[in-house]
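The file run.tsv comes next; it holds TSV, C-alpha atoms.
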chain	number	residue	atom	x	y	z
A	48	MET	CA	4.75	-9.92	-37.33
A	49	VAL	CA	4.59	-7.03	-34.89
A	50	SER	CA	6.75	-8.95	-32.42
A	51	ALA	CA	9.37	-9.52	-35.11
A	52	LEU	CA	9.35	-5.83	-35.98
A	53	VAL	CA	9.71	-4.86	-32.33
A	54	ILE	CA	12.69	-7.16	-31.92
A	55	ALA	CA	14.30	-5.70	-35.04
A	56	ILE	CA	13.82	-2.16	-33.75
A	57	LEU	CA	15.26	-3.07	-30.36
A	58	LEU	CA	18.30	-4.61	-31.97
A	59	ALA	CA	18.76	-1.51	-34.08
A	60	GLY	CA	18.58	0.64	-30.96
A	61	ILE	CA	21.06	-1.52	-29.11
A	62	ALA	CA	23.49	-1.30	-32.01
A	63	GLY	CA	23.65	2.47	-31.54
A	64	THR	CA	24.68	2.35	-27.92
A	65	VAL	CA	27.97	2.29	-26.07
A	66	SER	CA	29.01	-0.62	-23.86
A	67	VAL	CA	30.53	0.11	-20.47
A	68	SER	CA	31.66	-2.05	-17.59
A	69	THR	CA	29.70	-2.79	-14.44
A	70	ILE	CA	32.98	-2.83	-12.58
A	71	LEU	CA	32.78	0.77	-11.53
A	72	ASP	CA	35.74	2.16	-13.41
A	73	SER	CA	35.15	5.75	-14.48
A	74	GLU	CA	38.45	5.57	-16.28
A	75	SER	CA	37.06	3.10	-18.81
A	76	SER	CA	37.48	4.82	-22.11
A	77	ASP	CA	34.76	5.42	-24.66
A	78	HIS	CA	34.74	2.88	-27.47
A	79	GLN	CA	37.85	1.08	-26.18
A	80	SER	CA	37.72	-2.68	-26.28
A	81	VAL	CA	37.77	-4.32	-22.87
A	82	ASP	CA	39.30	-7.72	-22.26
A	83	ARG	CA	36.67	-10.00	-20.77
A	84	SER	CA	37.08	-13.29	-18.98
A	85	TRP	CA	34.89	-15.84	-17.27
A	86	GLU	CA	34.84	-15.53	-13.47
A	87	THR	CA	33.11	-17.83	-11.00
A	88	HIS	CA	31.07	-16.62	-8.04
A	89	GLU	CA	29.17	-18.28	-5.26
A	90	THR	CA	26.38	-15.74	-5.49
A	91	ILE	CA	25.29	-12.53	-7.22
A	92	VAL	CA	24.15	-9.58	-5.10
A	93	ILE	CA	21.57	-7.07	-6.31
A	94	PHE	CA	20.40	-4.03	-4.32
A	95	ARG	CA	16.90	-2.72	-5.06
A	96	ASN	CA	16.02	0.71	-3.65
A	97	ASP	CA	12.28	1.37	-4.06
A	98	ASP	CA	9.89	4.33	-3.92
A	99	ILE	CA	11.85	7.13	-5.62
A	100	GLN	CA	9.25	9.90	-5.89
A	101	PRO	CA	8.95	13.70	-6.18
A	102	TRP	CA	9.71	16.01	-3.23
A	103	TYR	CA	9.97	13.15	-0.77
A	104	ASN	CA	12.82	12.75	1.72
A	105	GLN	CA	15.35	14.13	-0.73
A	106	GLU	CA	18.14	14.32	1.84
A	107	GLU	CA	17.71	10.66	2.74
A	108	MET	CA	17.65	9.66	-0.93
A	109	ARG	CA	20.96	11.36	-1.62
A	110	ALA	CA	22.54	9.98	1.56
A	111	VAL	CA	21.64	6.39	0.65
A	112	ASP	CA	22.85	6.87	-2.93
A	113	GLN	CA	26.12	8.23	-1.57
A	114	VAL	CA	26.71	5.02	0.36
A	115	PHE	CA	26.49	3.05	-2.89
A	116	ILE	CA	28.76	5.56	-4.62
A	117	ASP	CA	31.32	5.39	-1.82
A	118	GLU	CA	31.25	1.60	-1.73
A	119	GLU	CA	31.23	1.35	-5.55
A	120	VAL	CA	28.22	-0.96	-5.52
A	121	PRO	CA	25.55	-0.83	-8.25
A	122	VAL	CA	21.89	-0.40	-7.32
A	123	THR	CA	18.52	-0.55	-9.06
A	124	LEU	CA	16.35	2.48	-8.29
A	125	GLY	CA	12.59	1.83	-8.38
A	126	ILE	CA	10.96	5.08	-9.57
A	127	ILE	CA	7.22	5.72	-9.14
A	128	PRO	CA	6.00	7.54	-12.27
A	129	LYS	CA	2.92	9.24	-10.79
A	130	VAL	CA	2.43	8.98	-7.04
A	131	ALA	CA	-1.21	8.57	-6.01
A	132	GLY	CA	-2.23	9.43	-9.57
A	133	GLU	CA	-1.49	13.10	-8.93
A	134	ASN	CA	2.21	13.88	-8.58
A	135	ALA	CA	4.30	12.84	-11.57
A	136	ILE	CA	8.03	12.44	-11.03
A	137	THR	CA	8.46	14.95	-13.87
A	138	ASP	CA	6.73	17.63	-11.76
A	139	ASP	CA	9.88	17.69	-9.64
A	140	ASP	CA	12.53	19.10	-11.94
A	141	GLU	CA	15.18	18.89	-9.23
A	142	THR	CA	14.72	15.16	-8.67
A	143	CYS	CA	14.72	14.35	-12.39
A	144	SER	CA	17.82	16.47	-12.84
A	145	TYR	CA	19.47	14.64	-9.95
A	146	LEU	CA	18.58	11.23	-11.41
A	147	ARG	CA	19.96	12.25	-14.79
A	148	SER	CA	23.17	13.34	-13.08
A	149	LEU	CA	23.49	9.84	-11.61
A	150	GLU	CA	23.06	8.39	-15.09
A	151	SER	CA	25.71	10.72	-16.46
A	152	GLU	CA	28.29	10.46	-13.68
A	153	TYR	CA	27.77	6.78	-12.81
A	154	PRO	CA	26.30	5.23	-15.98
A	155	ASP	CA	27.10	1.68	-15.01
A	156	GLN	CA	26.02	1.94	-11.38
A	157	PHE	CA	22.47	3.29	-11.15
A	158	GLU	CA	19.63	1.55	-12.99
A	159	MET	CA	16.43	3.58	-13.45
A	160	ALA	CA	13.57	1.06	-13.17
A	161	ILE	CA	9.81	1.65	-13.25
A	162	HIS	CA	8.08	0.95	-9.93
A	163	GLY	CA	4.44	0.49	-10.86
A	164	TYR	CA	2.39	3.49	-11.96
A	165	THR	CA	0.76	5.32	-9.04
A	166	HIS	CA	1.87	2.95	-6.24
A	167	GLU	CA	-1.69	2.70	-4.92
A	168	GLU	CA	-3.34	-0.43	-3.58
A	169	GLN	CA	-6.03	-1.16	-6.16
A	170	THR	CA	-7.06	-4.67	-5.13
A	171	ASP	CA	-6.70	-7.05	-2.19
A	172	PHE	CA	-4.80	-9.53	-4.36
A	173	TYR	CA	-2.31	-11.27	-2.03
A	174	ASN	CA	-3.07	-8.77	0.75
A	175	GLY	CA	-2.69	-5.77	-1.52
A	176	SER	CA	-1.65	-5.01	-5.07
A	177	GLU	CA	-1.61	-2.23	-7.64
A	178	PHE	CA	-1.52	-4.57	-10.64
A	179	GLY	CA	-2.73	-7.97	-9.42
A	180	ASN	CA	-6.35	-8.81	-10.36
A	181	VAL	CA	-6.60	-5.75	-12.60
A	182	SER	CA	-7.75	-6.15	-16.21
A	183	ILE	CA	-5.07	-6.60	-18.82
A	184	THR	CA	-6.29	-3.52	-20.72
A	185	THR	CA	-5.97	-1.31	-17.65
A	186	GLN	CA	-2.58	-2.72	-16.76
A	187	HIS	CA	-1.36	-2.00	-20.27
A	188	GLU	CA	-2.64	1.59	-20.09
A	189	TRP	CA	-0.91	2.13	-16.75
A	190	LEU	CA	2.39	0.69	-17.93
A	191	VAL	CA	2.43	2.77	-21.12
A	192	ALA	CA	1.52	5.94	-19.20
A	193	GLY	CA	4.26	5.24	-16.67
A	194	GLU	CA	6.81	4.61	-19.42
A	195	GLU	CA	6.03	7.96	-21.03
A	196	ILE	CA	6.63	9.77	-17.73
A	197	MET	CA	9.86	7.84	-17.12
A	198	HIS	CA	11.21	8.81	-20.53
A	199	ASP	CA	10.49	12.46	-19.75
A	200	CYS	CA	12.37	12.27	-16.44
A	201	VAL	CA	15.50	10.19	-17.07
A	202	ASP	CA	17.67	9.64	-20.11
A	203	ARG	CA	17.69	5.85	-20.04
A	204	PRO	CA	14.94	4.12	-18.11
A	205	SER	CA	15.55	0.39	-17.97
A	206	GLN	CA	13.11	-2.34	-18.86
A	207	THR	CA	12.92	-3.75	-15.36
A	208	PHE	CA	9.49	-3.74	-13.74
A	209	ILE	CA	9.15	-3.57	-9.96
A	210	PRO	CA	5.52	-4.01	-8.89
A	211	PRO	CA	4.39	-2.06	-5.82
A	212	MET	CA	3.64	-4.27	-2.83
A	213	ASN	CA	5.77	-6.92	-4.60
A	214	THR	CA	2.68	-8.49	-6.21
A	215	TYR	CA	1.55	-8.99	-9.80
A	216	ASP	CA	-0.33	-11.57	-11.85
A	217	ASP	CA	-0.33	-13.37	-15.19
A	218	ASN	CA	-1.92	-10.34	-16.86
A	219	THR	CA	1.00	-8.22	-15.66
A	220	VAL	CA	3.47	-10.67	-17.14
A	221	GLU	CA	1.61	-10.74	-20.46
A	222	VAL	CA	1.65	-6.94	-20.67
A	223	LEU	CA	5.34	-6.79	-19.73
A	224	VAL	CA	6.24	-9.33	-22.41
A	225	GLU	CA	4.22	-7.36	-24.98
A	226	GLU	CA	6.16	-4.24	-24.01
A	227	GLY	CA	9.53	-5.99	-24.23
A	228	TYR	CA	10.36	-6.23	-20.53
A	229	PRO	CA	12.83	-9.06	-19.87
A	230	ILE	CA	12.71	-8.94	-16.06
A	231	VAL	CA	10.23	-8.44	-13.20
A	232	SER	CA	11.17	-8.18	-9.54
A	233	GLY	CA	8.44	-8.73	-6.96
A	234	GLY	CA	8.62	-10.51	-3.62
A	235	GLU	CA	10.06	-13.95	-3.05
A	236	TRP	CA	7.23	-14.79	-0.64
A	237	PHE	CA	4.77	-13.88	-3.40
A	238	THR	CA	6.39	-15.76	-6.28
A	239	SER	CA	6.79	-18.81	-4.07
A	240	ALA	CA	3.05	-18.81	-3.30
A	241	TYR	CA	1.70	-17.70	-6.69
A	242	TYR	CA	4.09	-19.38	-9.12
A	243	LYS	CA	5.41	-22.13	-6.85
A	244	GLU	CA	8.82	-21.73	-8.44
A	245	GLU	CA	12.26	-21.43	-6.91
A	246	ALA	CA	13.69	-18.01	-7.69
A	247	PRO	CA	15.04	-16.83	-10.00
A	248	PHE	CA	13.06	-18.50	-12.74
A	249	VAL	CA	11.93	-17.93	-16.30
A	250	LYS	CA	8.22	-18.29	-16.96
A	251	ASP	CA	5.92	-17.05	-19.71
A	252	GLY	CA	8.75	-15.27	-21.50
A	253	ILE	CA	10.11	-13.21	-18.63
A	254	THR	CA	12.71	-13.68	-15.88
A	255	HIS	CA	11.35	-13.36	-12.34
A	256	VAL	CA	13.99	-12.12	-9.89
A	257	PRO	CA	12.21	-11.36	-6.61
A	258	GLU	CA	13.67	-9.64	-3.59
A	259	THR	CA	15.24	-12.01	-1.11
A	260	GLN	CA	15.35	-9.89	2.03
A	261	ALA	CA	13.90	-6.53	3.09
A	262	PHE	CA	15.85	-4.10	5.23
A	263	GLU	CA	12.61	-3.11	6.93
A	264	ASP	CA	10.93	-5.28	9.55
A	265	TRP	CA	7.37	-4.80	8.34
A	266	SER	CA	5.93	-7.29	10.84
A	267	ASN	CA	6.81	-4.91	13.69
A	268	ALA	CA	5.90	-1.67	11.92
A	269	ASP	CA	3.40	0.70	13.55
A	270	ASN	CA	0.72	1.70	11.07
A	271	ASP	CA	0.25	4.99	12.94
A	272	SER	CA	3.91	5.95	12.60
A	273	ASP	CA	6.07	7.03	9.68
A	274	GLU	CA	9.00	5.18	11.23
A	275	VAL	CA	9.61	1.57	10.20
A	276	PRO	CA	12.00	-0.58	12.25
A	277	PHE	CA	14.88	-2.36	10.55
A	278	HIS	CA	15.94	-5.95	10.92
A	279	ASP	CA	19.14	-6.12	12.92
A	280	LEU	CA	22.42	-6.49	11.06
A	281	GLU	CA	22.79	-10.12	12.11
A	282	THR	CA	19.45	-11.00	10.49
A	283	LEU	CA	20.54	-9.34	7.24
A	284	THR	CA	23.99	-10.92	7.17
A	285	ASP	CA	22.56	-14.35	8.05
A	286	SER	CA	20.10	-14.05	5.15
A	287	PHE	CA	22.94	-13.15	2.81
A	288	ASP	CA	25.18	-15.94	4.15
A	289	GLU	CA	22.40	-18.45	3.52
A	290	ALA	CA	22.14	-17.28	-0.10
A	291	VAL	CA	25.90	-17.73	-0.50
A	292	GLU	CA	25.73	-21.22	0.94
A	293	ASP	CA	22.87	-22.14	-1.38
A	294	ASN	CA	24.43	-20.34	-4.39
A	295	GLU	CA	21.26	-18.29	-4.87
A	296	PRO	CA	21.20	-14.71	-6.17
A	297	TYR	CA	20.61	-12.32	-3.28
A	298	VAL	CA	18.29	-9.34	-3.88
A	299	GLN	CA	18.37	-6.88	-0.98
A	300	MET	CA	15.35	-4.58	-0.96
A	301	LEU	CA	15.40	-1.26	0.85
A	302	HIS	CA	13.42	1.97	0.97
A	303	TYR	CA	15.63	5.04	1.21
A	304	GLN	CA	13.06	7.13	3.10
A	305	TYR	CA	13.51	5.10	6.29
A	306	PHE	CA	17.24	5.77	6.51
A	307	THR	CA	16.84	8.78	8.77
A	308	SER	CA	19.94	8.45	10.94
A	309	GLU	CA	23.66	8.03	10.50
A	310	ASP	CA	23.48	4.74	12.40
A	311	GLN	CA	21.09	3.35	9.80
A	312	LEU	CA	23.37	4.46	6.98
A	313	GLU	CA	26.30	2.81	8.73
A	314	MET	CA	24.25	-0.35	8.97
A	315	LEU	CA	23.92	-0.35	5.18
A	316	ARG	CA	27.67	0.20	4.85
A	317	SER	CA	28.35	-2.64	7.29
A	318	LEU	CA	26.16	-5.01	5.31
A	319	ILE	CA	28.00	-4.13	2.09
A	320	GLU	CA	31.34	-4.57	3.85
A	321	HIS	CA	30.25	-7.99	5.08
A	322	MET	CA	29.29	-8.94	1.54
A	323	ASN	CA	32.57	-7.65	0.14
A	324	ALA	CA	34.50	-9.67	2.72
A	325	THR	CA	32.92	-12.85	1.36
A	326	ASP	CA	34.92	-14.68	-1.29
A	327	ASP	CA	33.54	-14.98	-4.82
A	328	VAL	CA	30.64	-12.55	-4.66
A	329	THR	CA	29.80	-10.05	-7.39
A	330	PHE	CA	27.39	-7.10	-7.51
A	331	MET	CA	25.12	-5.97	-10.34
A	332	THR	CA	21.77	-4.34	-11.09
A	333	LEU	CA	18.60	-6.21	-11.98
A	334	GLU	CA	19.01	-5.06	-15.57
A	335	GLN	CA	22.56	-6.34	-15.78
A	336	PHE	CA	21.50	-9.69	-14.33
A	337	GLY	CA	18.60	-10.03	-16.77
A	338	ASP	CA	20.67	-8.95	-19.77
A	339	GLY	CA	23.48	-11.31	-18.77
A	340	LEU	CA	21.16	-14.28	-18.52
A	341	GLU	CA	19.60	-13.46	-21.89
A	342	SER	CA	22.92	-12.94	-23.67
A	343	GLY	CA	24.61	-15.94	-22.09
A	344	ASP	CA	27.15	-13.78	-20.24
A	345	ILE	CA	25.80	-15.18	-16.96
A	346	GLU	CA	25.42	-18.91	-16.45
A	347	GLU	CA	24.23	-20.89	-13.46
A	348	THR	CA	26.46	-23.81	-12.49
A	349	ASP	CA	26.17	-26.63	-9.96
A	350	ASP	CA	28.07	-24.61	-7.37
A	351	GLY	CA	27.41	-20.99	-8.25
A	352	TRP	CA	27.56	-18.68	-11.25
A	353	ARG	CA	29.88	-18.04	-14.18
A	354	VAL	CA	29.99	-14.41	-15.29
A	355	LEU	CA	31.76	-13.00	-18.33
A	356	GLU	CA	33.33	-9.94	-16.75
A	357	PRO	CA	33.25	-7.08	-16.90
A	358	ILE	CA	29.52	-7.33	-17.53
A	359	GLU	CA	28.58	-5.02	-20.37
A	360	GLU	CA	25.68	-2.61	-20.11
A	361	THR	CA	24.27	-0.50	-22.93
A	362	VAL	CA	23.86	3.18	-22.21
A	363	SER	CA	22.87	6.11	-24.38
A	364	GLU	CA	25.85	7.89	-25.86
A	365	THR	CA	26.20	11.56	-24.97
A	366	ALA	CA	28.79	14.06	-26.04
A	367	ASP	CA	30.73	16.23	-23.61
A	368	ASP	CA	29.51	19.40	-25.29
A	369	ASP	CA	25.79	19.81	-24.66
A	370	SER	CA	25.47	22.19	-27.60
A	371	SER	CA	26.55	19.46	-29.99
A	372	GLN	CA	25.17	16.50	-28.07
A	373	SER	CA	24.60	13.37	-30.11
A	374	ILE	CA	21.90	11.19	-28.60
A	375	THR	CA	21.36	7.58	-29.56
A	376	PRO	CA	17.82	7.12	-30.88
A	377	ASN	CA	15.47	5.64	-28.29
A	378	PRO	CA	14.16	2.25	-29.47
A	379	TRP	CA	10.99	2.74	-27.41
A	380	THR	CA	10.04	5.84	-29.40
A	381	GLU	CA	10.28	3.87	-32.63
A	382	ILE	CA	8.37	0.94	-31.19
A	383	ARG	CA	5.55	3.21	-30.01
A	384	SER	CA	5.20	4.73	-33.48
A	385	VAL	CA	4.70	1.21	-34.85
A	386	LEU	CA	2.38	-0.15	-32.19
A	387	PHE	CA	0.29	2.91	-31.50
Go ahead and express the file in the form of structure tokens.
Amino acid sequence: MVSALVIAILLAGIAGTVSVSTILDSESSDHQSVDRSWETHETIVIFRNDDIQPWYNQEEMRAVDQVFIDEEVPVTLGIIPKVAGENAITDDDETCSYLRSLESEYPDQFEMAIHGYTHEEQTDFYNGSEFGNVSITTQHEWLVAGEEIMHDCVDRPSQTFIPPMNTYDDNTVEVLVEEGYPIVSGGEWFTSAYYKEEAPFVKDGITHVPETQAFEDWSNADNDSDEVPFHDLETLTDSFDEAVEDNEPYVQMLHYQYFTSEDQLEMLRSLIEHMNATDDVTFMTLEQFGDGLESGDIEETDDGWRVLEPIEETVSETADDDSSQSITPNPWTEIRSVLF
């Protein structure tokens, strides 16, 4: 009964939102109907930028975001609600204000996803995990606490969960399903070992879309150094090319804080340019991919993917005049009043 009520509330919340296109067209008018058509693609590309946190490498964060803005490529931002259990993202007014500005200026380009709770290694589950092998009660408490912080920082946090260290367990999935999360994005190496499924896959009521390739070469990282080496561009492009050949969605993980030079930023641009030069490739966020699969606007075929474009994304409606701003009611607030 509670599940039915939650679904009803979510549908009510969605009805009060405005649809916009993922094709980054700032000229798209409010409330105008958009002609949509089915397009075929060999693969779908998703960028996942993890570890957004307060007061940390702000210049690098903005520089990486600017690459995506310049290249008109959407990206999912993984935001840590409360780093090390001490520093909430909301303690940094400047960062939250900046993230809200991205939502406002590029509403169809930047997804605000929750990246764990404190991003601390709590267990040795699969060589380290915040959520794996933690009781379901504790995981639920952490997720709810993180959600509350996210809603205080950004206007429209998504319902994509990115587990720190790319690991999670069946308890995590159960909690996410209870909280209405349609998508979880861990590590492909992990889901292959733990679930023994070929990504992406739907299991236990949630879509698992793990990262395909990391920018960082963790195997050659020095634990005593803050610097982390990158894979060379050929390794990244080869990984992408393989996904295209196999018609698999390609999730490129990166961590903005390691982009400390112009050469590294140019490497990101070069990778995007290589992707753009490939025929029949489309870009979207994790949220857009999950929503598209659920709604039927994205379909897997024998030789790729059919996408009803432009992909629609629901965003909170805001007025131009802040003094008379009309805000769409947040479905999560209504759900919480029912459940808790």
Checklist entry - Between CA of Met197 in chain A and CA of Gly125 in chain A, what is the spacing in Å? => result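 Distance reported for this atom pair: 11.0 Å.
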Checklist entry - For the atom pair CA of Glu86 in chain A and CA of Ala160 in chain A, what is the interatomic distance in Å to one decimal place? => result 27.0 Å
Item to check | Between CA of Gln113 in chain A and CA of Ile358 in chain A - distance in Å to one decimal | outcome: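 According to the coordinates, CA of Ile358 in chain A and CA of Gln113 in chain A are separated by 22.5 Å.
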Pick out the residues sitting within 8 Å of Asp139 in chain A, and hand them over as a PDB file with C-alpha atoms, keeping the file's coordinate frame; count all atoms listed in the file, and ignore anything fewer than 4 positions along from it in its own chain.
ATOM      1  CA  PRO A 101       8.950  13.700  -6.180  1.00  0.00           C
ATOM      2  CA  TRP A 102       9.710  16.010  -3.230  1.00  0.00           C
ATOM      3  CA  ALA A 135       4.300  12.840 -11.570  1.00  0.00           C
ATOM      4  CA  CYS A 143      14.720  14.350 -12.390  1.00  0.00           C
TER       5      CYS A 143
END
Checklist entry - For Ser317 in chain A, which residue among A:Glu119, A:Glu281, A:Val130, A:Tyr303 is the nearest when counting only C-alpha atoms? => result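 Closest to Ser317 in chain A of all the choices is A:Glu281.
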Checklist entry - Which neighbours of Ser148 in chain A fall inside 10 Å, counting only C-alpha atoms, when residues of the same chain fewer than 5 positions from it are skipped, and could you give them as an MDAnalysis selection string? => result chainID A and resid 142:143 153:154 201:202
Please write the residues from the selection above to a file, keeping C-alpha atoms, as a compact mmCIF listing (two decimals), in the coordinates of the input.
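This went into again.txt:
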# COMPACT_ATOMS: atom_id res chain seq x y z
CA THR A 142 14.72 15.16 -8.67
CA CYS A 143 14.72 14.35 -12.39
CA TYR A 153 27.77 6.78 -12.81
CA PRO A 154 26.30 5.23 -15.98
CA VAL A 201 15.50 10.19 -17.07
CA ASP A 202 17.67 9.64 -20.11
Next on the checklist: Report as a PyMOL selection string all protein, DNA and RNA residues lying within 10 Å of Tyr145 in chain A, evaluated on all atoms listed in the file, omitting residues in the same chain fewer than 4 positions from it.
Outcome noted: chain A and resi 109+140-141+149-151+200-201
Checklist entry - Neighbours of Tyr103 in chain A within 10 Å (all atoms listed in the file; same-chain residues fewer than 4 positions away dropped), as a PyMOL selection string? => result chain A and resi 98-99+107-108+139+142+304
Next on the checklist: Measuring between all atoms listed in the file, which one of A:Ile183, A:Ile91, A:Val291, A:Ile209 shows the shortest distance to Ile230 in chain A?
Outcome noted: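 Closest to Ile230 in chain A of all the choices is A:Ile209.
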Quick one: residues within 6 Å of (26.4, -7.1, -8.1) (file frame), counting only C-alpha atoms, please, as a PDB file with C-alpha atoms, in the frame of the given file.
ATOM      1  CA  ILE A  91      25.290 -12.530  -7.220  1.00  0.00           C
ATOM      2  CA  VAL A  92      24.150  -9.580  -5.100  1.00  0.00           C
ATOM      3  CA  ILE A  93      21.570  -7.070  -6.310  1.00  0.00           C
ATOM      4  CA  THR A 329      29.800 -10.050  -7.390  1.00  0.00           C
ATOM      5  CA  PHE A 330      27.390  -7.100  -7.510  1.00  0.00           C
ATOM      6  CA  MET A 331      25.120  -5.970 -10.340  1.00  0.00           C
TER       7      MET A 331
END
Checklist entry - Within 10 Å of (12.5, -1.2, -17.1), only C-alpha atoms: residues as a PyMOL selection string? => result chain A and resi 125-126+158-162+194+197+203-209+223+226-231+333-334
Next on the checklist: Given only C-alpha atoms as the basis, pick out the residue of A:Ser144, A:Gln105, A:Thr137, A:Thr170 nearest to Asp216 in chain A.
Outcome noted: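 Among A:Ser144, A:Gln105, A:Thr137, A:Thr170, it is A:Thr170 that comes nearest to Asp216 in chain A.
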Checklist entry - With all atoms listed in the file as the basis for distance, which of A:Ile127, A:Ala268, A:Leu315, A:Val191 is at the shortest distance from Glu225 in chain A? => result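 With all atoms listed in the file as the atom set, the closest residue is A:Val191.
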Checklist entry - For Thr214 in chain A, which residue out of A:Gly193, A:Gly132, A:Pro257, A:Gly343 is the nearest one, using all atoms listed in the file? => result A:Pro257
